[in-house]
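K.L.:
Got a file for you: input_19.tsv, TSV, C-alpha atoms and all ligand atoms.
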```
chain	number	residue	atom	x	y	z
A	5	MET	CA	110.86	92.96	70.82
A	6	LYS	CA	113.63	95.37	69.89
A	7	THR	CA	115.43	96.95	72.82
A	8	VAL	CA	116.85	100.42	73.54
A	9	LEU	CA	119.00	102.03	76.22
A	10	LEU	CA	117.22	104.39	78.61
A	11	GLY	CA	118.60	107.91	78.29
A	12	SER	CA	122.38	107.91	78.41
A	13	SER	CA	122.47	104.94	80.81
A	14	SER	CA	123.30	101.30	80.17
A	15	LEU	CA	119.83	100.22	81.35
A	16	ARG	CA	118.12	98.34	78.54
A	17	SER	CA	114.39	98.09	77.87
A	18	THR	CA	112.08	96.77	75.21
A	19	ARG	CA	110.59	99.58	73.12
A	20	ILE	CA	107.25	98.94	74.80
A	21	ALA	CA	106.97	98.70	78.59
A	22	TYR	CA	104.33	97.13	80.80
A	23	GLY	CA	102.61	99.24	83.47
A	24	CYS	CA	101.52	97.66	86.74
A	25	TRP	CA	99.05	100.30	87.96
A	26	ARG	CA	96.00	98.11	87.39
A	27	LEU	CA	97.50	94.84	88.70
A	28	ALA	CA	95.81	95.13	92.08
A	29	GLY	CA	92.36	95.75	90.55
A	30	ALA	CA	91.49	98.42	93.15
A	31	ARG	CA	92.97	101.64	94.46
A	32	ASN	CA	92.19	100.86	98.08
A	33	PRO	CA	94.34	97.97	99.34
A	34	ARG	CA	91.46	96.80	101.54
A	35	GLU	CA	89.32	96.27	98.42
A	36	VAL	CA	91.84	93.97	96.70
A	37	THR	CA	90.22	90.52	96.57
A	38	PRO	CA	91.90	87.11	95.99
A	39	ASP	CA	90.35	87.21	92.48
A	40	HIS	CA	92.01	90.56	91.79
A	41	GLU	CA	95.27	89.15	93.04
A	42	ALA	CA	95.04	86.05	90.82
A	43	ARG	CA	94.19	88.21	87.79
A	44	GLY	CA	97.12	90.54	88.54
A	45	ILE	CA	99.56	87.62	88.76
A	46	ARG	CA	98.21	86.22	85.47
A	47	ALA	CA	98.69	89.61	83.80
A	48	ALA	CA	102.28	89.95	85.03
A	49	LEU	CA	103.11	86.40	83.91
A	50	ALA	CA	101.54	87.17	80.50
A	51	ALA	CA	103.75	90.25	80.19
A	52	PHE	CA	106.88	88.20	81.06
A	53	GLU	CA	105.82	85.65	78.46
A	54	ALA	CA	105.12	88.33	75.82
A	55	GLY	CA	108.70	89.58	76.22
A	56	TYR	CA	108.35	93.01	77.90
A	57	THR	CA	111.49	93.83	79.86
A	58	LEU	CA	110.59	97.15	81.53
A	59	PHE	CA	107.92	97.09	84.26
A	60	ASP	CA	106.57	100.31	85.72
A	61	HIS	CA	105.25	100.60	89.27
A	62	ALA	CA	104.54	103.20	91.94
A	63	ASP	CA	104.38	102.89	95.70
A	64	ILE	CA	100.74	104.05	95.61
A	65	TYR	CA	99.39	101.58	93.03
A	66	GLY	CA	96.71	99.64	94.87
A	67	GLY	CA	98.16	101.15	98.05
A	68	GLY	CA	101.30	99.04	97.58
A	69	ARG	CA	99.43	95.86	96.59
A	70	ALA	CA	100.43	96.11	92.90
A	71	GLU	CA	104.09	95.81	93.93
A	72	SER	CA	103.43	92.85	96.23
A	73	ILE	CA	101.33	91.05	93.58
A	74	PHE	CA	104.17	91.59	91.09
A	75	GLY	CA	106.58	90.19	93.70
A	76	GLN	CA	104.43	87.04	93.86
A	77	ALA	CA	104.50	86.77	90.05
A	78	LEU	CA	108.30	87.07	90.12
A	79	ARG	CA	108.54	84.21	92.61
A	80	GLN	CA	106.44	82.08	90.25
A	81	ALA	CA	108.76	82.83	87.32
A	82	PRO	CA	112.30	81.87	88.33
A	83	GLY	CA	115.03	83.65	86.38
A	84	VAL	CA	112.80	86.47	85.14
A	85	ARG	CA	114.12	89.07	87.60
A	86	ASP	CA	117.57	88.85	86.01
A	87	ARG	CA	116.33	89.71	82.54
A	88	ILE	CA	113.92	92.57	83.30
A	89	ALA	CA	114.21	96.12	84.58
A	90	ILE	CA	111.89	97.20	87.38
A	91	ALA	CA	110.90	100.84	87.72
A	92	THR	CA	108.89	102.35	90.53
A	93	LYS	CA	108.00	105.82	91.80
A	94	CYS	CA	107.50	107.76	94.99
A	95	GLY	CA	106.46	111.21	96.10
A	96	ILE	CA	102.64	111.18	96.22
A	97	ARG	CA	101.09	110.89	99.67
A	98	PHE	CA	97.32	110.56	99.99
A	99	SER	CA	95.29	112.16	102.75
A	100	GLY	CA	95.38	110.18	105.98
A	101	ASP	CA	99.07	109.25	105.56
A	102	PRO	CA	100.37	108.89	108.21
A	103	GLN	CA	97.81	110.66	110.47
A	104	PRO	CA	94.04	110.84	109.81
A	105	ALA	CA	94.32	114.63	109.41
A	106	SER	CA	97.33	114.55	107.03
A	107	PRO	CA	96.41	116.18	103.69
A	108	HIS	CA	96.92	114.87	100.15
A	109	ARG	CA	100.35	116.16	99.18
A	110	TYR	CA	103.63	115.56	97.37
A	111	ASP	CA	106.70	114.75	99.42
A	112	PHE	CA	110.23	114.89	97.99
A	113	SER	CA	111.90	115.10	101.39
A	114	ALA	CA	115.01	112.92	101.47
A	115	SER	CA	113.61	110.83	104.32
A	116	HIS	CA	110.40	110.06	102.40
A	117	ILE	CA	112.23	109.21	99.17
A	118	VAL	CA	114.60	106.80	100.92
A	119	ARG	CA	111.89	105.21	103.07
A	120	SER	CA	109.56	104.74	100.06
A	121	CYS	CA	112.32	103.03	98.10
A	122	GLU	CA	113.03	100.64	100.96
A	123	GLN	CA	109.32	99.80	101.29
A	124	SER	CA	109.01	99.17	97.53
A	125	LEU	CA	112.01	96.83	97.66
A	126	ARG	CA	110.36	94.86	100.47
A	127	ARG	CA	107.01	94.60	98.67
A	128	LEU	CA	108.60	93.60	95.36
A	129	GLY	CA	110.94	91.18	97.12
A	130	ILE	CA	113.98	92.35	95.13
A	131	GLU	CA	117.46	93.66	95.97
A	132	PHE	CA	117.48	96.87	93.93
A	133	ILE	CA	115.24	99.10	91.81
A	134	ASP	CA	116.53	99.55	88.25
A	135	LEU	CA	114.83	102.91	87.70
A	136	TYR	CA	113.59	105.06	90.59
A	137	GLN	CA	111.29	107.92	89.62
A	138	LEU	CA	109.67	110.92	91.25
A	139	HIS	CA	105.95	110.62	90.55
A	140	ARG	CA	104.69	114.22	90.35
A	141	PRO	CA	106.59	117.47	90.90
A	142	ASP	CA	106.52	118.52	94.55
A	143	TYR	CA	105.82	122.27	94.81
A	144	LEU	CA	108.34	122.29	97.66
A	145	MET	CA	111.06	120.37	95.77
A	146	ASP	CA	114.56	121.26	96.91
A	147	PRO	CA	116.79	119.89	94.12
A	148	ALA	CA	119.81	119.54	96.44
A	149	GLU	CA	117.81	117.45	98.93
A	150	VAL	CA	116.49	115.16	96.16
A	151	ALA	CA	120.02	114.80	94.78
A	152	ASP	CA	121.24	113.74	98.24
A	153	ALA	CA	118.50	111.13	98.52
A	154	PHE	CA	119.23	109.75	95.04
A	155	ASP	CA	122.95	109.63	95.81
A	156	GLN	CA	122.30	107.79	99.07
A	157	LEU	CA	120.09	105.22	97.26
A	158	ARG	CA	122.71	104.74	94.58
A	159	ARG	CA	125.63	104.37	97.02
A	160	THR	CA	123.73	101.83	99.12
A	161	GLY	CA	122.80	99.85	96.00
A	162	LYS	CA	119.04	100.27	96.50
A	163	ALA	CA	118.44	102.03	93.17
A	164	ARG	CA	120.60	102.16	90.05
A	165	GLU	CA	119.13	104.79	87.72
A	166	PHE	CA	116.87	107.77	88.36
A	167	GLY	CA	114.09	109.50	86.47
A	168	VAL	CA	111.13	111.81	86.90
A	169	SER	CA	107.47	111.83	85.93
A	170	ASN	CA	105.11	114.63	84.92
A	171	PHE	CA	107.99	117.14	85.09
A	172	THR	CA	108.16	120.24	82.88
A	173	PRO	CA	111.45	120.81	81.03
A	174	SER	CA	112.44	123.55	83.48
A	175	GLN	CA	111.74	121.32	86.48
A	176	VAL	CA	113.95	118.64	84.88
A	177	ALA	CA	116.70	121.21	84.32
A	178	ALA	CA	116.55	122.47	87.92
A	179	LEU	CA	116.83	118.95	89.32
A	180	GLN	CA	119.45	117.79	86.82
A	181	LYS	CA	121.69	120.71	87.76
A	182	ALA	CA	121.81	119.49	91.36
A	183	CYS	CA	122.13	115.75	90.64
A	184	PRO	CA	125.48	113.93	90.47
A	185	MET	CA	123.97	111.36	88.07
A	186	ARG	CA	122.19	111.80	84.72
A	187	LEU	CA	118.39	111.61	84.92
A	188	VAL	CA	117.43	108.99	82.36
A	189	SER	CA	113.69	109.39	81.80
A	190	ASN	CA	110.60	111.56	82.11
A	191	GLN	CA	107.33	109.63	82.34
A	192	VAL	CA	104.55	111.77	80.92
A	193	GLU	CA	101.07	111.37	79.48
A	194	ILE	CA	101.24	111.11	75.69
A	195	SER	CA	98.66	109.59	73.40
A	196	LEU	CA	96.44	110.45	70.47
A	197	ARG	CA	94.14	111.90	73.14
A	198	ARG	CA	96.91	113.87	74.91
A	199	LEU	CA	99.16	115.78	72.53
A	200	ASP	CA	100.58	118.45	74.87
A	201	CYS	CA	104.10	116.97	75.11
A	202	LEU	CA	104.53	117.34	71.35
A	203	GLU	CA	104.23	121.10	71.65
A	204	ASP	CA	105.19	122.14	75.19
A	205	GLY	CA	108.91	121.38	74.90
A	206	THR	CA	108.82	118.07	76.83
A	207	LEU	CA	109.90	115.88	73.89
A	208	ASP	CA	112.37	118.52	72.64
A	209	GLN	CA	114.02	118.51	76.05
A	210	CYS	CA	114.26	114.70	75.98
A	211	LEU	CA	115.95	114.86	72.57
A	212	LEU	CA	118.27	117.64	73.67
A	213	ASP	CA	119.34	116.02	76.95
A	214	ARG	CA	119.13	112.41	75.77
A	215	MET	CA	116.40	111.41	78.19
A	216	THR	CA	113.84	108.73	77.34
A	217	PRO	CA	110.18	109.76	77.40
A	218	LEU	CA	107.99	107.01	78.88
A	219	ALA	CA	104.37	107.47	77.76
A	220	TRP	CA	101.75	106.71	80.39
A	221	SER	CA	98.17	105.85	79.39
A	222	PRO	CA	99.06	105.38	75.69
A	223	LEU	CA	95.40	104.44	75.04
A	224	ALA	CA	94.17	107.25	77.32
A	225	GLY	CA	93.22	104.62	79.87
A	226	GLY	CA	91.06	102.82	77.27
A	227	ARG	CA	89.04	105.97	76.40
A	228	LEU	CA	90.86	106.36	73.10
A	229	LEU	CA	89.50	103.06	71.80
A	230	ALA	CA	86.11	103.34	73.46
A	231	ASP	CA	85.75	106.66	71.59
A	232	SER	CA	87.02	105.05	68.40
A	233	ASN	CA	84.31	102.42	68.56
A	234	ALA	CA	81.65	105.05	69.15
A	235	ALA	CA	82.93	107.55	66.57
A	236	PRO	CA	80.55	108.49	63.77
A	237	PRO	CA	81.75	107.84	60.21
A	238	ALA	CA	83.85	110.62	58.68
A	239	ALA	CA	81.11	111.58	56.22
A	240	SER	CA	78.76	112.53	59.06
A	241	ARG	CA	81.27	114.91	60.67
A	242	PRO	CA	81.15	118.55	59.72
A	243	ALA	CA	84.91	119.00	59.32
A	244	GLY	CA	87.88	116.64	59.14
A	245	GLU	CA	88.11	112.96	59.84
A	246	SER	CA	87.23	111.48	63.22
A	247	LEU	CA	90.09	109.90	65.14
A	248	GLY	CA	88.14	106.67	65.50
A	249	VAL	CA	87.68	106.34	61.76
A	250	ALA	CA	91.33	107.15	61.02
A	251	ILE	CA	92.57	104.59	63.56
A	252	ALA	CA	90.12	101.91	62.38
A	253	ASP	CA	90.95	102.46	58.71
A	254	ILE	CA	94.73	102.34	59.23
A	255	ALA	CA	94.33	99.29	61.50
A	256	LEU	CA	92.39	97.54	58.74
A	257	SER	CA	95.02	98.31	56.13
A	258	HIS	CA	97.78	96.86	58.35
A	259	GLN	CA	95.60	93.97	59.59
A	260	VAL	CA	96.21	94.87	63.24
A	261	SER	CA	94.06	96.06	66.14
A	262	PRO	CA	93.35	99.78	66.76
A	263	ALA	CA	95.44	99.57	69.96
A	264	VAL	CA	98.49	98.55	67.92
A	265	ILE	CA	98.05	101.63	65.69
A	266	ALA	CA	97.81	103.96	68.70
A	267	ILE	CA	100.99	102.47	70.19
A	268	ALA	CA	102.88	102.45	66.87
A	269	TRP	CA	102.04	106.16	66.48
A	270	LEU	CA	103.99	106.86	69.69
A	271	LEU	CA	106.90	104.62	68.69
A	272	GLN	CA	107.45	106.58	65.50
A	273	HIS	CA	108.50	109.79	67.30
A	274	PRO	CA	112.28	110.38	67.09
A	275	ALA	CA	112.56	111.08	70.83
A	276	GLY	CA	112.30	107.30	71.35
A	277	ILE	CA	109.04	107.27	73.30
A	278	ILE	CA	108.46	104.05	75.25
A	279	PRO	CA	104.70	103.49	75.57
A	280	ILE	CA	103.62	101.83	78.83
A	281	VAL	CA	100.86	99.32	78.13
A	282	GLY	CA	98.32	99.06	80.97
A	283	SER	CA	95.84	96.30	80.10
A	284	VAL	CA	95.48	93.37	82.47
A	285	GLN	CA	94.05	91.10	79.78
A	286	PRO	CA	96.69	88.59	78.57
A	287	GLU	CA	95.53	88.71	74.92
A	288	ARG	CA	95.74	92.54	74.84
A	289	ILE	CA	99.14	92.48	76.57
A	290	LEU	CA	100.39	90.16	73.82
A	291	ASP	CA	98.63	92.01	70.98
A	292	ALA	CA	100.31	95.36	71.85
A	293	VAL	CA	103.72	93.86	71.08
A	294	ARG	CA	102.83	93.87	67.37
A	295	ALA	CA	103.36	97.64	67.35
A	296	ASP	CA	107.11	97.01	67.70
A	297	THR	CA	107.38	95.84	64.10
A	298	LEU	CA	104.82	98.16	62.50
A	299	GLU	CA	106.06	101.08	60.39
A	300	LEU	CA	103.26	103.59	60.05
A	301	GLY	CA	105.06	106.00	57.75
A	302	ARG	CA	104.93	109.79	57.79
A	303	GLU	CA	101.61	110.15	55.95
A	304	ALA	CA	99.67	107.83	58.26
A	305	TRP	CA	101.33	109.47	61.27
A	306	TYR	CA	100.15	112.91	60.17
A	307	ARG	CA	96.70	111.61	59.23
A	308	LEU	CA	96.31	110.42	62.84
A	309	LEU	CA	97.69	113.69	64.22
A	310	LEU	CA	95.22	115.74	62.16
A	311	ALA	CA	92.31	113.56	63.26
A	312	ALA	CA	93.46	113.79	66.89
A	313	ARG	CA	93.81	117.59	66.71
A	314	GLY	CA	90.43	118.00	65.08
A	315	THR	CA	91.79	121.09	63.33
A	316	ASP	CA	94.10	121.56	60.37
A	317	LEU	CA	97.76	122.45	60.77
A	318	PRO	CA	98.82	126.08	60.36
B	401	LIG	N1	103.30	108.62	85.98
B	401	LIG	C1	102.01	108.77	86.08
B	401	LIG	O1	101.51	109.80	86.60
B	401	LIG	C2	101.10	107.69	85.56
B	401	LIG	C3	99.71	107.88	85.50
B	401	LIG	C4	98.94	106.83	84.99
B	401	LIG	C5	99.53	105.65	84.55
B	401	LIG	N2	100.89	105.51	84.64
B	401	LIG	C6	101.57	104.28	84.16
B	401	LIG	O2	101.13	104.00	82.84
B	401	LIG	C7	100.66	102.66	82.78
B	401	LIG	C8	99.61	102.53	81.71
B	401	LIG	O3	98.50	103.38	82.02
B	401	LIG	P1	97.03	102.91	81.63
B	401	LIG	O4	96.70	101.65	82.31
B	401	LIG	O5	96.13	104.06	81.80
B	401	LIG	O6	97.29	102.59	80.05
B	401	LIG	P2	96.35	102.42	78.81
B	401	LIG	O7	96.96	101.31	78.02
B	401	LIG	O8	96.13	103.74	78.16
B	401	LIG	O9	94.94	101.98	79.39
B	401	LIG	C9	94.70	100.69	79.90
B	401	LIG	C10	93.20	100.59	80.11
B	401	LIG	O10	92.58	100.59	78.83
B	401	LIG	C11	91.80	99.44	78.69
B	401	LIG	N3	91.96	98.93	77.33
B	401	LIG	C12	93.06	98.38	76.77
B	401	LIG	N4	92.83	98.01	75.51
B	401	LIG	C13	91.57	98.32	75.26
B	401	LIG	C14	90.77	98.17	74.13
B	401	LIG	N5	91.23	97.59	73.01
B	401	LIG	N6	89.50	98.64	74.18
B	401	LIG	C15	89.04	99.21	75.32
B	401	LIG	N7	89.77	99.35	76.46
B	401	LIG	C16	91.03	98.92	76.42
B	401	LIG	C17	92.35	98.43	79.67
B	401	LIG	O11	91.33	97.51	80.06
B	401	LIG	P3	91.71	95.96	80.21
B	401	LIG	O12	92.67	95.87	81.35
B	401	LIG	O13	90.39	95.33	80.48
B	401	LIG	O14	92.30	95.51	78.90
B	401	LIG	C18	92.80	99.31	80.81
B	401	LIG	O15	91.71	99.60	81.67
B	401	LIG	C19	100.20	102.36	84.20
B	401	LIG	O16	100.15	100.97	84.47
B	401	LIG	C20	101.28	103.04	85.00
B	401	LIG	O17	102.43	102.22	85.04
B	401	LIG	C21	101.67	106.50	85.13
```
Mind turning this structure into structure tokens?
Ligand SMILES: NC(=O)c1ccc[n+]([C@@H]2O[C@H](COP(=O)([O-])OP(=O)(O)OC[C@H]3O[C@@H](n4cnc5c(N)ncnc54)[C@H](OP(=O)(O)O)[C@@H]3O)[C@@H](O)[C@H]2O)c1

P.N.:
Amino acid sequence: MKTVLLGSSSLRSTRIAYGCWRLAGARNPREVTPDHEARGIRAALAAFEAGYTLFDHADIYGGGRAESIFGQALRQAPGVRDRIAIATKCGIRFSGDPQPASPHRYDFSASHIVRSCEQSLRRLGIEFIDLYQLHRPDYLMDPAEVADAFDQLRRTGKAREFGVSNFTPSQVAALQKACPMRLVSNQVEISLRRLDCLEDGTLDQCLLDRMTPLAWSPLAGGRLLADSNAAPPAASRPAGESLGVAIADIALSHQVSPAVIAIAWLLQHPAGIIPIVGSVQPERILDAVRADTLELGREAWYRLLLAARGTDLP
């Protein structure tokens, strides 16, 4: 796969990343079975084999089990750690953490950021995080406190680059102003089922400030293609073409799967969107890579946009 630099940093990634959210097979760590674990390891090994070099995690995925399963996969694949970049996130705390009465909340306190990073390092079994991200904006975010935590992690060698997730452009600006380092990425939901970032200034801000947008759920968690399969033919729709038909027709003309079309649509945006593929099925993990070499062209891109909008352009 072709590679790009993240933001203005020297951290390199393939144009398509692999997301580790589903590696543990369950949200609750107590529900992760040995079968889940074996499937998660197989998926990670398939992603190494397919050539992905950016891997996205969060401390909460599978209650930490996704990171530890990935750590096991790394130990089974000597030499891989040195040629990939590992990203993880912190800042979401579920109810019951740490006390039974503790509420679901976001926590960007310096102590939580630093502690979460150290715990992720232990679970992953690695020396440093390549890209450390804040998962969801904390209503109580103090930019100066976050900047201190990032600086501490950078000085101690625990994390090298820093990014955010689900931030608005103004939240990025407020944090960037306080930070001694450049923020390199904003991980946001973008897909043919979630078009907001195209119009709310998120991608403009990435272009303006040279930050890389990472697209989570590029297939809308699978719903995009489930809908595509169920979509009625265009002729039976009262107005416009259905998204499912547009994707299927373009996929047929390029002789690729619908998933490849949905991912290639994201890759074509000039902001340099990196879609994060989330399947745990080795054949789908490998198939998605085909989007890297597919040129959709402006007309097909707009055809998909129109079908996704369901209304004409002004
Ligand atoms: N920052 C955030 O707030 C945030 C939020 C969510 C996710 N993320 C990141 O984004 C990554 C990707 O998210 P995601 O897993 O939702 O991505 P996705 O690629 O949109 O969805 C993956 C899901 O779709 C299914 N799927 C894949 N191909 C399919 C097909 N051809 N037909 C039907 N279903 C299909 C997969 O099932 P199979 O596994 O069976 O193939 C899997 O359940 C995560 O791993 C995580 O790293 C970040």

K.L.:
Measuring between all atoms listed in the file, which one of A:Ile45, A:Leu144, A:Ala263, A:Leu256 shows the shortest distance to Arg227 (chain A)?

P.N.:
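The answer is A:Ala263, which sits nearest to Arg227 (chain A).
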
K.L.:
What are the nearest atom pairs, with distances in Å to one decimal, for all residues of chain A that come at most 7 Å from ligand LIG 401 (chain B), using all atoms listed in the file, set out by chain and rising residue number as a Markdown table?

P.N.:
```
| residue | atom | partner | partner_atom | distance |
| --- | --- | --- | --- | --- |
| A:Tyr22 | CA | B:LIG401 | O16 | 6.8 |
| A:Gly23 | CA | B:LIG401 | O16 | 3.2 |
| A:Cys24 | CA | B:LIG401 | O16 | 4.2 |
| A:Trp25 | CA | B:LIG401 | O16 | 3.7 |
| A:Arg26 | CA | B:LIG401 | O16 | 5.8 |
| A:Asp60 | CA | B:LIG401 | O17 | 4.6 |
| A:His61 | CA | B:LIG401 | O17 | 5.3 |
| A:His139 | CA | B:LIG401 | N1 | 5.6 |
| A:Arg140 | CA | B:LIG401 | O1 | 6.6 |
| A:Ser169 | CA | B:LIG401 | N1 | 5.3 |
| A:Asn170 | CA | B:LIG401 | O1 | 6.3 |
| A:Gln191 | CA | B:LIG401 | N1 | 5.5 |
| A:Val192 | CA | B:LIG401 | N1 | 6.1 |
| A:Ala219 | CA | B:LIG401 | O2 | 7.0 |
| A:Trp220 | CA | B:LIG401 | O2 | 3.7 |
| A:Ser221 | CA | B:LIG401 | O8 | 3.2 |
| A:Pro222 | CA | B:LIG401 | O8 | 4.2 |
| A:Leu223 | CA | B:LIG401 | O8 | 3.3 |
| A:Ala224 | CA | B:LIG401 | O8 | 4.1 |
| A:Gly225 | CA | B:LIG401 | O9 | 3.2 |
| A:Gly226 | CA | B:LIG401 | O10 | 3.1 |
| A:Arg227 | CA | B:LIG401 | N7 | 6.7 |
| A:Leu229 | CA | B:LIG401 | N6 | 5.0 |
| A:Ala230 | CA | B:LIG401 | C15 | 5.4 |
| A:Pro262 | CA | B:LIG401 | N5 | 7.0 |
| A:Ala263 | CA | B:LIG401 | N5 | 5.6 |
| A:Ile280 | CA | B:LIG401 | C8 | 5.0 |
| A:Val281 | CA | B:LIG401 | O7 | 4.4 |
| A:Gly282 | CA | B:LIG401 | O4 | 3.3 |
| A:Ser283 | CA | B:LIG401 | O12 | 3.4 |
| A:Val284 | CA | B:LIG401 | O12 | 3.9 |
| A:Gln285 | CA | B:LIG401 | O14 | 4.8 |
| A:Arg288 | CA | B:LIG401 | O14 | 6.1 |
```

K.L.:
Please determine, counting all atoms listed in the file, which residue among A:Met185, A:Leu49, A:Leu58, A:Ile289 has the shortest atom-to-atom distance to Ile133 (chain A).

P.N.:
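Using all atoms listed in the file, the shortest distance to Ile133 (chain A) belongs to A:Leu58.
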
K.L.:
Leaving out Asp296 (chain A) and any residue of its chain fewer than 5 positions from it, which residues lie within 12 Å of it when counting all atoms listed in the file, given as JSON, numbers by chain?

P.N.:
{"A": [5, 6, 7, 8, 18, 19, 20, 21, 55, 56, 260, 264, 265, 266, 267, 268, 269, 270, 271, 272, 277, 278, 279, 290, 291]}

K.L.:
So which residues touch Val84 (chain A) within 10 Å, counting only C-alpha atoms, skipping near sequence neighbours fewer than 5 positions away, as a ChimeraX atom specification?

P.N.:
/A:49,52-53,57,77-79,89

K.L.:
Go through A:Ala70, A:Leu10, A:Val293, A:Ala62 one by one, measure the shortest atom-to-atom distance of each to Asp213 (chain A) using only C-alpha atoms, and give the residue with the smallest value.

P.N.:
A:Leu10

K.L.:
Name the closest residue to Gly95 (chain A) among the candidates A:Gln137, A:Asn190, A:Asn32, A:Ser72; distances are taken between atoms, counting only C-alpha atoms.

P.N.:
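Nearest candidate to Gly95 (chain A) out of A:Gln137, A:Asn190, A:Asn32, A:Ser72: A:Gln137.
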
K.L.:
Which residues are close to Arg109 (chain A), i.e. within 8 Å by all atoms listed in the file, leaving aside same-chain residues fewer than 2 positions away? Reply as JSON, numbers by chain.

P.N.:
{"A": [96, 97, 98, 99, 107, 111]}

K.L.:
Quick one: residues within 12 Å of Ser12 (chain A), only C-alpha atoms counted, chain neighbours fewer than 5 positions away excluded, as a CSV table (one decimal) with C-alpha atoms, keeping the file's coordinate frame?

P.N.:
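Dumped to around02.csv:
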```
chain,number,residue,atom,x,y,z
A,165,GLU,CA,119.1,104.8,87.7
A,166,PHE,CA,116.9,107.8,88.4
A,167,GLY,CA,114.1,109.5,86.5
A,185,MET,CA,124.0,111.4,88.1
A,186,ARG,CA,122.2,111.8,84.7
A,187,LEU,CA,118.4,111.6,84.9
A,188,VAL,CA,117.4,109.0,82.4
A,189,SER,CA,113.7,109.4,81.8
A,210,CYS,CA,114.3,114.7,76.0
A,211,LEU,CA,116.0,114.9,72.6
A,212,LEU,CA,118.3,117.6,73.7
A,213,ASP,CA,119.3,116.0,77.0
A,214,ARG,CA,119.1,112.4,75.8
A,215,MET,CA,116.4,111.4,78.2
A,216,THR,CA,113.8,108.7,77.3
```

K.L.:
Find the residues with any atom within 10 Å of (116.5, 105.5, 94.7); use all atoms listed in the file and the coordinates as given in the file, and write the answer as a PyMOL selection string.

P.N.:
chain A and resi 92-94+117-122+132-138+150-151+153-167

K.L.:
Expressed in Å to a single decimal, how great is the separation between CA of Leu218 (chain A) and CA of Pro274 (chain A)?

P.N.:
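That distance, rounded to one decimal, is 13.0 Å.
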
K.L.:
Do you have the CA of Ala54 (chain A)-CA of Ala292 (chain A) distance handy?

P.N.:
9.4 Å

K.L.:
Can you list, as a PDB file with C-alpha atoms, in the coordinates of the input, every protein, DNA or RNA residue that comes within 12 Å of Val36 (chain A) when you count only C-alpha atoms, leaving out same-chain residues fewer than 2 positions away?

P.N.:
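part_4.pdb, freshly written:
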```pdb
ATOM      1  CA  ARG A  26      96.000  98.110  87.390  1.00  0.00           C
ATOM      2  CA  LEU A  27      97.500  94.840  88.700  1.00  0.00           C
ATOM      3  CA  ALA A  28      95.810  95.130  92.080  1.00  0.00           C
ATOM      4  CA  GLY A  29      92.360  95.750  90.550  1.00  0.00           C
ATOM      5  CA  ALA A  30      91.490  98.420  93.150  1.00  0.00           C
ATOM      6  CA  ARG A  31      92.970 101.640  94.460  1.00  0.00           C
ATOM      7  CA  ASN A  32      92.190 100.860  98.080  1.00  0.00           C
ATOM      8  CA  PRO A  33      94.340  97.970  99.340  1.00  0.00           C
ATOM      9  CA  ARG A  34      91.460  96.800 101.540  1.00  0.00           C
ATOM     10  CA  PRO A  38      91.900  87.110  95.990  1.00  0.00           C
ATOM     11  CA  ASP A  39      90.350  87.210  92.480  1.00  0.00           C
ATOM     12  CA  HIS A  40      92.010  90.560  91.790  1.00  0.00           C
ATOM     13  CA  GLU A  41      95.270  89.150  93.040  1.00  0.00           C
ATOM     14  CA  ALA A  42      95.040  86.050  90.820  1.00  0.00           C
ATOM     15  CA  ARG A  43      94.190  88.210  87.790  1.00  0.00           C
ATOM     16  CA  GLY A  44      97.120  90.540  88.540  1.00  0.00           C
ATOM     17  CA  TYR A  65      99.390 101.580  93.030  1.00  0.00           C
ATOM     18  CA  GLY A  66      96.710  99.640  94.870  1.00  0.00           C
ATOM     19  CA  GLY A  67      98.160 101.150  98.050  1.00  0.00           C
ATOM     20  CA  GLY A  68     101.300  99.040  97.580  1.00  0.00           C
ATOM     21  CA  ARG A  69      99.430  95.860  96.590  1.00  0.00           C
ATOM     22  CA  ALA A  70     100.430  96.110  92.900  1.00  0.00           C
ATOM     23  CA  SER A  72     103.430  92.850  96.230  1.00  0.00           C
ATOM     24  CA  ILE A  73     101.330  91.050  93.580  1.00  0.00           C
TER      25      ILE A  73
END
```

K.L.:
As AutoDock Vina command-line options, please: the centre and edge lengths in Å, to one decimal, of an axis-aligned box enclosing every listed atom of region 222-232 of chain A with 4 Å added on each side.

P.N.:
```
--center_x 92.4 --center_y 105.0 --center_z 74.1 --size_x 21.3 --size_y 12.4 --size_z 19.5
```

K.L.:
So how many Å separate CA of Ala312 (chain A) and CA of Gln259 (chain A), to one decimal?

P.N.:
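CA of Ala312 (chain A) sits 21.2 Å away from CA of Gln259 (chain A).
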
K.L.:
Could you check the closest approach to Ser246 (chain A) for each of A:Thr297, A:Thr315, A:Ser195, A:Ser174 and tell me which residue wins, using all atoms listed in the file?

P.N.:
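Using all atoms listed in the file, the shortest distance to Ser246 (chain A) belongs to A:Thr315.
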